[in-house]
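Trainee: Got a file for you: entry_26.txt, compact mmCIF, C-alpha atoms (C1' of nucleotides).
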# COMPACT_ATOMS: atom_id res chain seq x y z
CA MET A 1 131.41 37.52 2.48
CA ASN A 2 130.79 38.49 -1.13
CA GLY A 3 130.27 35.10 -2.67
CA THR A 4 129.90 34.76 -6.43
CA VAL A 5 129.48 38.19 -7.94
CA ASN A 6 128.49 39.35 -11.38
CA PRO A 7 131.03 42.09 -12.03
CA HIS A 8 128.71 43.89 -14.40
CA GLU A 9 125.76 44.23 -12.10
CA HIS A 10 126.67 45.37 -8.66
CA ASP A 11 127.58 48.39 -6.59
CA HIS A 12 131.32 48.18 -6.82
CA GLU A 13 132.08 50.77 -4.18
CA ALA A 14 130.16 48.74 -1.67
CA CYS A 15 131.90 45.68 -3.02
CA VAL A 16 135.31 47.14 -2.26
CA GLU A 17 134.24 48.36 1.14
CA THR A 18 132.96 44.92 2.00
CA ALA A 19 136.21 43.37 0.85
CA LEU A 20 138.27 45.72 2.98
CA ALA A 21 136.04 45.25 6.00
CA ASN A 22 136.27 41.48 5.57
CA ALA A 23 140.01 41.75 5.37
CA GLU A 24 140.18 43.77 8.56
CA ALA A 25 138.03 41.24 10.35
CA ILE A 26 139.91 38.22 9.06
CA CYS A 27 143.30 39.65 9.91
CA LYS A 28 142.16 40.65 13.36
CA GLY A 29 140.76 37.17 13.85
CA LYS A 30 143.98 35.48 12.80
CA GLY A 31 146.29 37.93 14.55
CA LEU A 32 147.70 39.18 11.25
CA ARG A 33 148.72 42.76 10.64
CA LEU A 34 146.91 44.46 7.78
CA THR A 35 149.35 47.35 7.46
CA ALA A 36 148.77 50.50 5.42
CA MET A 37 150.80 49.13 2.54
CA ARG A 38 148.96 45.82 2.50
CA ARG A 39 145.62 47.52 2.78
CA GLN A 40 146.45 49.84 -0.09
CA VAL A 41 147.54 46.97 -2.32
CA LEU A 42 144.38 45.06 -1.47
CA GLU A 43 142.29 48.11 -2.32
CA LEU A 44 144.07 48.44 -5.66
CA VAL A 45 143.53 44.77 -6.44
CA TRP A 46 139.87 45.29 -5.71
CA SER A 47 139.62 48.44 -7.80
CA SER A 48 138.06 46.29 -10.50
CA HIS A 49 137.17 42.68 -11.19
CA GLU A 50 139.86 42.45 -13.80
CA PRO A 51 143.05 40.72 -12.79
CA VAL A 52 145.89 43.15 -12.09
CA GLY A 53 149.56 42.58 -12.72
CA ALA A 54 152.10 43.18 -9.98
CA TYR A 55 153.78 45.92 -11.99
CA GLU A 56 150.47 47.63 -12.65
CA LEU A 57 150.00 47.74 -8.92
CA LEU A 58 153.47 49.13 -8.60
CA ASP A 59 152.66 51.91 -11.06
CA ALA A 60 149.41 52.66 -9.28
CA LEU A 61 151.22 52.85 -5.96
CA GLY A 62 153.72 55.21 -7.52
CA ARG A 63 151.05 57.59 -8.80
CA ASP A 64 150.74 59.33 -5.46
CA GLY A 65 154.36 60.38 -5.43
CA LYS A 66 156.34 57.73 -3.60
CA ARG A 67 157.56 55.17 -6.08
CA SER A 68 158.05 51.69 -4.63
CA ALA A 69 160.23 48.81 -5.77
CA PRO A 70 158.98 45.39 -6.88
CA PRO A 71 159.66 43.58 -3.59
CA THR A 72 157.29 45.91 -1.82
CA VAL A 73 154.27 44.93 -3.84
CA TYR A 74 155.27 41.28 -4.08
CA ARG A 75 155.58 41.10 -0.30
CA ALA A 76 152.17 42.62 0.13
CA LEU A 77 150.71 40.20 -2.40
CA GLU A 78 152.35 37.25 -0.69
CA PHE A 79 150.84 38.29 2.60
CA LEU A 80 147.43 38.78 1.08
CA ARG A 81 147.55 35.41 -0.65
CA ASP A 82 148.66 33.64 2.51
CA ALA A 83 145.81 35.34 4.33
CA GLY A 84 143.41 34.07 1.68
CA LEU A 85 142.43 37.57 0.54
CA VAL A 86 143.84 37.46 -2.96
CA HIS A 87 144.29 34.84 -5.69
CA ARG A 88 146.85 34.64 -8.40
CA LEU A 89 145.73 33.63 -11.90
CA ASP A 90 148.59 31.59 -13.30
CA SER A 91 147.39 31.85 -16.87
CA LEU A 92 147.66 35.65 -16.71
CA ASN A 93 150.40 36.33 -14.17
CA ALA A 94 147.90 38.53 -12.43
CA PHE A 95 145.95 38.89 -9.23
CA VAL A 96 142.31 39.25 -8.17
CA GLY A 97 140.57 39.73 -4.88
CA CYS A 98 139.14 36.60 -3.32
CA ALA A 99 135.37 36.45 -3.48
CA SER A 100 134.99 34.29 -0.37
CA PRO A 101 137.81 35.10 2.01
CA GLY A 102 137.74 33.16 5.22
CA GLU A 103 135.95 30.21 3.67
CA ALA A 104 137.87 27.16 2.56
CA HIS A 105 137.54 26.81 -1.18
CA HIS A 106 139.36 25.92 -4.36
CA GLY A 107 140.40 28.35 -7.02
CA GLN A 108 137.81 28.27 -9.79
CA PHE A 109 137.78 31.18 -12.18
CA LEU A 110 135.77 32.19 -15.23
CA ILE A 111 137.82 34.65 -17.24
CA CYS A 112 136.12 36.65 -19.99
CA ARG A 113 138.45 37.19 -22.92
CA GLN A 114 136.32 40.14 -24.04
CA CYS A 115 136.02 42.35 -20.95
CA ASN A 116 138.75 40.61 -18.93
CA GLN A 117 136.56 40.42 -15.89
CA VAL A 118 136.86 37.40 -13.67
CA ILE A 119 134.10 35.58 -11.85
CA GLU A 120 135.20 33.35 -9.02
CA ILE A 121 132.97 30.40 -8.37
CA ASP A 122 133.06 27.54 -5.89
CA ALA A 123 131.21 24.66 -7.46
CA GLN A 124 131.13 21.57 -5.31
CA ALA A 125 130.24 19.52 -8.37
CA ILE A 126 133.57 20.43 -9.93
CA SER A 127 135.70 19.89 -6.83
CA ALA A 128 134.01 16.57 -6.23
CA ALA A 129 134.54 15.43 -9.81
CA VAL A 130 138.18 16.43 -9.56
CA ALA A 131 138.69 14.64 -6.26
CA ASP A 132 137.05 11.52 -7.71
CA SER A 133 139.11 11.50 -10.87
CA ALA A 134 142.30 12.07 -8.94
CA LEU A 135 141.48 9.29 -6.52
CA ALA A 136 140.75 6.96 -9.41
CA CYS A 137 144.41 7.45 -10.34
CA GLY A 138 145.51 6.88 -6.77
CA PHE A 139 146.37 10.54 -6.57
CA VAL A 140 145.77 12.54 -3.40
CA ALA A 141 144.69 16.01 -4.44
CA GLU A 142 145.78 18.83 -2.16
CA ARG A 143 145.15 21.95 -4.19
CA GLN A 144 143.18 22.35 -7.37
CA THR A 145 143.10 25.37 -9.61
CA LEU A 146 140.76 25.78 -12.52
CA GLU A 147 140.93 28.63 -15.00
CA VAL A 148 138.23 28.78 -17.66
CA GLN A 149 138.57 31.13 -20.60
CA GLY A 150 135.47 32.21 -22.45
CA ILE A 151 132.83 34.88 -22.83
CA CYS A 152 130.76 36.20 -19.96
CA ALA A 153 127.02 36.74 -20.07
CA GLN A 154 127.19 40.47 -20.76
CA CYS A 155 129.72 40.19 -23.55
CA GLN A 156 127.74 37.76 -25.66
CA MET B 1 147.59 7.42 -28.70
CA ASN B 2 149.04 7.03 -25.25
CA GLY B 3 146.03 7.98 -23.14
CA THR B 4 146.41 8.28 -19.39
CA VAL B 5 149.76 6.92 -18.36
CA ASN B 6 151.24 6.09 -15.01
CA PRO B 7 154.72 7.57 -15.32
CA HIS B 8 156.15 5.11 -12.81
CA GLU B 9 155.03 1.95 -14.49
CA HIS B 10 155.66 1.89 -18.18
CA ASP B 11 158.33 1.39 -20.79
CA HIS B 12 159.38 4.94 -21.28
CA GLU B 13 161.47 4.37 -24.39
CA ALA B 14 158.45 2.96 -26.12
CA CYS B 15 156.43 5.82 -24.72
CA VAL B 16 158.73 8.36 -26.37
CA GLU B 17 158.80 6.47 -29.63
CA THR B 18 155.03 6.36 -29.69
CA ALA B 19 154.85 10.07 -29.01
CA LEU B 20 157.24 10.85 -31.84
CA ALA B 21 155.48 8.50 -34.23
CA ASN B 22 152.15 10.09 -33.32
CA ALA B 23 153.62 13.49 -33.92
CA GLU B 24 154.88 12.49 -37.35
CA ALA B 25 151.49 11.11 -38.26
CA ILE B 26 149.55 14.08 -36.96
CA CYS B 27 151.76 16.61 -38.69
CA LYS B 28 151.61 14.71 -41.92
CA GLY B 29 147.85 14.56 -41.60
CA LYS B 30 147.52 18.27 -41.01
CA GLY B 31 150.14 19.29 -43.51
CA LEU B 32 152.43 20.65 -40.80
CA ARG B 33 156.20 20.43 -40.96
CA LEU B 34 157.81 18.59 -38.08
CA THR B 35 161.31 19.89 -38.68
CA ALA B 36 164.47 18.56 -37.06
CA MET B 37 164.44 21.34 -34.48
CA ARG B 38 160.80 20.79 -33.56
CA ARG B 39 161.26 17.08 -33.39
CA GLN B 40 164.26 17.44 -31.14
CA VAL B 41 162.42 19.78 -28.80
CA LEU B 42 159.48 17.39 -28.69
CA GLU B 43 161.82 14.52 -27.89
CA LEU B 44 163.39 16.53 -25.07
CA VAL B 45 159.99 17.42 -23.67
CA TRP B 46 159.15 13.74 -23.69
CA SER B 47 162.44 12.72 -22.09
CA SER B 48 160.52 12.41 -18.85
CA HIS B 49 157.04 12.93 -17.48
CA GLU B 50 158.22 15.88 -15.46
CA PRO B 51 157.43 19.30 -16.82
CA VAL B 52 160.41 20.99 -18.43
CA GLY B 53 161.17 24.68 -18.49
CA ALA B 54 161.95 26.44 -21.76
CA TYR B 55 165.41 27.35 -20.56
CA GLU B 56 166.11 23.78 -19.49
CA LEU B 57 165.27 22.75 -23.03
CA LEU B 58 167.58 25.44 -24.25
CA ASP B 59 170.42 24.09 -22.11
CA ALA B 60 169.72 20.56 -23.28
CA LEU B 61 169.78 21.67 -26.90
CA GLY B 62 173.08 23.40 -26.24
CA ARG B 63 174.72 20.28 -24.80
CA ASP B 64 175.54 18.92 -28.23
CA GLY B 65 177.65 21.91 -29.16
CA LYS B 66 175.44 24.42 -30.93
CA ARG B 67 173.97 26.78 -28.41
CA SER B 68 170.58 28.22 -29.39
CA ALA B 69 168.84 31.41 -28.31
CA PRO B 70 165.48 31.59 -26.51
CA PRO B 71 163.35 32.37 -29.57
CA THR B 72 164.41 29.10 -31.12
CA VAL B 73 162.97 26.95 -28.39
CA TYR B 74 159.94 29.19 -27.85
CA ARG B 75 159.10 28.97 -31.53
CA ALA B 76 159.34 25.22 -31.47
CA LEU B 77 157.17 25.07 -28.37
CA GLU B 78 154.59 27.36 -29.93
CA PHE B 79 154.40 25.14 -32.96
CA LEU B 80 154.09 22.01 -30.85
CA ARG B 81 151.37 23.55 -28.72
CA ASP B 82 149.43 24.72 -31.75
CA ALA B 83 149.73 21.23 -33.16
CA GLY B 84 148.35 19.83 -29.91
CA LEU B 85 151.51 17.89 -29.12
CA VAL B 86 152.61 19.73 -26.02
CA HIS B 87 150.90 21.45 -23.09
CA ARG B 88 152.08 24.30 -20.96
CA LEU B 89 151.53 24.12 -17.20
CA ASP B 90 150.85 27.67 -16.13
CA SER B 91 151.45 26.99 -12.47
CA LEU B 92 155.00 25.87 -13.23
CA ASN B 93 155.96 27.83 -16.34
CA ALA B 94 156.83 24.49 -17.84
CA PHE B 95 155.89 22.10 -20.60
CA VAL B 96 154.85 18.46 -20.92
CA GLY B 97 154.07 16.19 -23.82
CA CYS B 98 150.40 15.75 -24.57
CA ALA B 99 149.09 12.32 -23.65
CA SER B 100 146.32 12.28 -26.25
CA PRO B 101 147.48 14.25 -29.25
CA GLY B 102 145.00 14.43 -32.06
CA GLU B 103 142.01 14.00 -29.76
CA ALA B 104 140.05 17.02 -28.63
CA HIS B 105 140.39 17.36 -24.90
CA HIS B 106 140.81 19.83 -22.08
CA GLY B 107 143.95 20.33 -20.06
CA GLN B 108 143.61 18.35 -16.84
CA PHE B 109 146.80 17.64 -14.95
CA LEU B 110 147.72 15.86 -11.74
CA ILE B 111 151.07 17.19 -10.57
CA CYS B 112 152.95 15.31 -7.86
CA ARG B 113 154.83 17.69 -5.58
CA GLN B 114 157.08 14.85 -4.49
CA CYS B 115 158.39 13.35 -7.74
CA ASN B 116 157.25 16.22 -10.00
CA GLN B 117 155.73 13.81 -12.47
CA VAL B 118 152.57 14.83 -14.24
CA ILE B 119 149.62 12.67 -15.16
CA GLU B 120 147.32 14.05 -17.79
CA ILE B 121 143.73 12.94 -17.54
CA ASP B 122 140.62 13.65 -19.55
CA ALA B 123 137.70 13.19 -17.23
CA GLN B 124 134.37 13.90 -18.83
CA ALA B 125 132.82 14.24 -15.39
CA ILE B 126 135.08 17.22 -14.71
CA SER B 127 134.61 18.94 -18.06
CA ALA B 128 130.88 18.47 -17.82
CA ALA B 129 130.73 19.89 -14.30
CA VAL B 130 132.79 22.85 -15.44
CA ALA B 131 130.61 23.49 -18.47
CA ASP B 132 127.51 23.27 -16.27
CA SER B 133 128.80 25.65 -13.64
CA ALA B 134 129.95 28.11 -16.25
CA LEU B 135 126.62 27.99 -18.03
CA ALA B 136 124.84 28.55 -14.74
CA CYS B 137 126.64 31.90 -14.67
CA GLY B 138 125.72 32.58 -18.29
CA PHE B 139 129.34 32.07 -19.18
CA VAL B 140 130.35 30.33 -22.39
CA ALA B 141 133.43 28.25 -21.67
CA GLU B 142 135.90 27.93 -24.50
CA ARG B 143 139.00 26.55 -22.86
CA GLN B 144 139.41 25.06 -19.44
CA THR B 145 142.63 24.24 -17.68
CA LEU B 146 142.85 22.35 -14.43
CA GLU B 147 146.04 21.86 -12.48
CA VAL B 148 145.86 19.70 -9.39
CA GLN B 149 148.76 19.61 -6.96
CA GLY B 150 149.15 16.61 -4.69
CA ILE B 151 150.86 13.28 -4.17
CA CYS B 152 150.82 10.51 -6.72
CA ALA B 153 150.15 6.88 -5.94
CA GLN B 154 153.80 5.82 -5.86
CA CYS B 155 154.94 8.66 -3.62
CA GLN B 156 152.49 7.97 -0.82
C1' DA C 1 159.83 53.71 30.79
C1' DA C 2 163.75 51.20 28.73
C1' DA C 3 165.43 47.20 26.52
C1' DT C 4 164.70 43.74 23.32
C1' DA C 5 163.11 40.75 19.68
C1' DA C 6 160.25 40.15 15.70
C1' DG C 7 158.24 41.87 11.91
C1' DA C 8 157.67 45.08 7.96
C1' DC C 9 159.48 48.03 4.55
C1' DG C 10 163.06 50.58 1.43
C1' DC C 11 166.48 49.67 -1.71
C1' DT C 12 169.87 47.58 -4.96
C1' DA C 13 170.84 44.15 -7.68
C1' DT C 14 169.86 40.14 -10.23
C1' DA C 15 167.45 35.85 -11.68
C1' DG C 16 163.98 33.77 -14.61
C1' DT C 17 160.60 33.84 -18.40
C1' DG C 18 159.15 35.38 -22.78
C1' DT C 19 159.00 38.44 -27.29
C1' DA C 20 160.00 41.91 -31.09
C1' DA C 21 162.35 42.63 -35.11
C1' DC C 22 165.50 41.83 -38.71
C1' DG C 23 168.03 39.03 -42.06
C1' DC C 24 169.43 34.80 -44.08
C1' DA C 25 168.51 30.07 -45.42
C1' DT C 26 165.59 26.54 -46.95
C1' DC C 27 161.67 24.34 -48.67
C1' DG C 28 157.77 23.62 -52.04
C1' DG C 29 155.02 24.87 -55.62
C1' DA C 30 154.42 27.46 -60.08
C1' DT D 1 164.47 27.81 -62.32
C1' DC D 2 162.22 31.22 -60.06
C1' DC D 3 159.45 32.88 -56.45
C1' DG D 4 156.88 33.16 -52.25
C1' DA D 5 156.32 31.34 -47.79
C1' DT D 6 158.07 29.35 -43.92
C1' DG D 7 161.63 28.36 -40.56
C1' DC D 8 165.73 29.50 -38.07
C1' DG D 9 169.87 32.44 -36.15
C1' DT D 10 170.80 36.48 -33.71
C1' DT D 11 170.52 40.70 -31.03
C1' DA D 12 168.25 43.23 -28.12
C1' DC D 13 164.84 43.98 -24.90
C1' DA D 14 160.33 43.57 -22.01
C1' DC D 15 158.05 41.53 -18.33
C1' DT D 16 157.77 38.84 -13.96
C1' DA D 17 159.77 37.66 -9.67
C1' DT D 18 163.23 37.07 -5.84
C1' DA D 19 167.69 37.41 -2.86
C1' DG D 20 169.90 39.96 0.52
C1' DC D 21 170.84 43.67 3.45
C1' DG D 22 169.92 47.65 6.34
C1' DT D 23 166.65 50.46 8.83
C1' DC D 24 162.59 51.58 11.06
C1' DT D 25 158.43 50.23 13.53
C1' DT D 26 155.73 47.43 16.48
C1' DA D 27 154.80 44.51 20.24
C1' DT D 28 156.58 42.43 24.27
C1' DT D 29 159.25 41.89 28.15
C1' DT D 30 161.71 43.60 31.96
Let me see the file written as structure tokens.
Mentor:
Amino acid sequence: MNGTVNPHEHDHEACVETALANAEAICKGKGLRLTAMRRQVLELVWSSHEPVGAYELLDALGRDGKRSAPPTVYRALEFLRDAGLVHRLDSLNAFVGCASPGEAHHGQFLICRQCNQVIEIDAQAISAAVADSALACGFVAERQTLEVQGICAQCQ
Amino acid sequence: MNGTVNPHEHDHEACVETALANAEAICKGKGLRLTAMRRQVLELVWSSHEPVGAYELLDALGRDGKRSAPPTVYRALEFLRDAGLVHRLDSLNAFVGCASPGEAHHGQFLICRQCNQVIEIDAQAISAAVADSALACGFVAERQTLEVQGICAQCQ
DNA sequence: AAATAAGACGCTATAGTGTAACGCATCGGA
DNA sequence: TCCGATGCGTTACACTATAGCGTCTTATTT
């Protein structure tokens, strides 16, 4: 699994390959079908660490001749999200590859407003603080999503 | 200021009145103009503790005869957000009144998937944990938004 | 191998959310 | 009173997402 990655300092080709290999393994393990379409969408999502919009994906898919319609890419994205391979960033209406597929975790994202790259983290300290605060209100937390806007290390 | 409120156990009429009075005071203090339109939108947003969609607001505005167009309500919402009187919940494309207008705080929301009501909290423990984790990545956090889905105390 | 059932995709149409741009009205200060 | 800035009405449109149906493929059963 990739874990927390600094988008600026890594071999991205290897990064993508790892992501795809992970996806293959996870789908095989869960009895899910990573079809050509789904695989291609996943690869496009992973083409950078910037979040990608569904319609950008659609355009990218169309660049090799066969233009698809929105439901195609949305279905692929739904599958990938259900499989835990992709996250959606609500603040951007966009999608990024999951940094730790297969592992249970919450969505915690650092989004650089300069370079647009996203770092996914999984800080127990945060999740724990959230669970505590929720419980203090008598609230049972099921899913938590955190999106932090700011400036990444390289862009400062 | 209202602070953290349990939507199920409070005098909501007073709650709305407080919110509007706060808004008046804050706008006066900042030299902002809380026009009739803006005030009405704010009142509608505060009509419950459930998040409200922009087009719901639009419908509500239209119920008294004069139908408005989308830009009208979006402009009012933009003003109210800039003034710190209203928050947008990205996971729902919807808006809620701010529980602590005038005070600097992060967006931290507990959203009940049963009754749809939203509790806004401001837990220092969470913000601190977020700031720490971000800094550990060399990331300078500017804004953080947390949306927690779950079940509130009353709905359990 | 043939029949069958479930799943995946293509396609059309449409719903839902949000903005650009222009002009008129209104408000506040010079 | 005049003027500039701000707010609002209106039209048109962009962007995001889904419903519904038909067809083809895949996996399974017979």
Trainee: Quote the spacing between atom CA of Gly150 of chain B and atom CA of Glu13 of chain B in Å to one decimal place.
Mentor: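 Taking atom CA of Gly150 of chain B as the start and atom CA of Glu13 of chain B as the end point, the length is 26.3 Å.
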Trainee: I'd like the contact shell of Leu146 of chain B - 9 Å cut-off, all atoms listed in the file, skipping same-chain residues fewer than 4 positions apart - returned as a VMD selection string.
Mentor: (chain A and resid 130 144 to 148) or (chain B and resid 106 to 110)
Trainee: Please check the contacts: residues of chain B at most 10 Å away from chain D, using only C-alpha atoms (C1' of nucleotides), listed as a list in words.
Mentor: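 Taking only C-alpha atoms (C1' of nucleotides) into account, Arg33, Thr35, Met37, Ser68, Ala69, Pro71, Thr72, Arg75 and Ala76 of chain B sit within 10 Å of chain D.
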Trainee: Residues of chain C within 10 Å of chain B, counting all atoms listed in the file, what are they? List them as a list of chain:residue names.
Mentor: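 Residues satisfying the distance criterion: C:DG16, C:DT17, C:DG18, C:DT19.
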Trainee: Can you work out which residues from chain A touch chain B at a cut-off of 6 Å (counting all atoms listed in the file) and hand them back as a PyMOL selection string?
Mentor: chain A and resi 90-91+125-126+129+138-153
Trainee: Would you compute the distance between atom CA of Leu61 of chain B and atom C1' of DT14 of chain C? Give it in Å to one decimal.
Mentor: 24.9 Å
Trainee: Atom CA of Cys98 of chain A to atom CA of Val16 of chain A: how many Å, to one decimal?
Mentor: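 One can read the atom CA of Cys98 of chain A to atom CA of Val16 of chain A distance as 11.3 Å.
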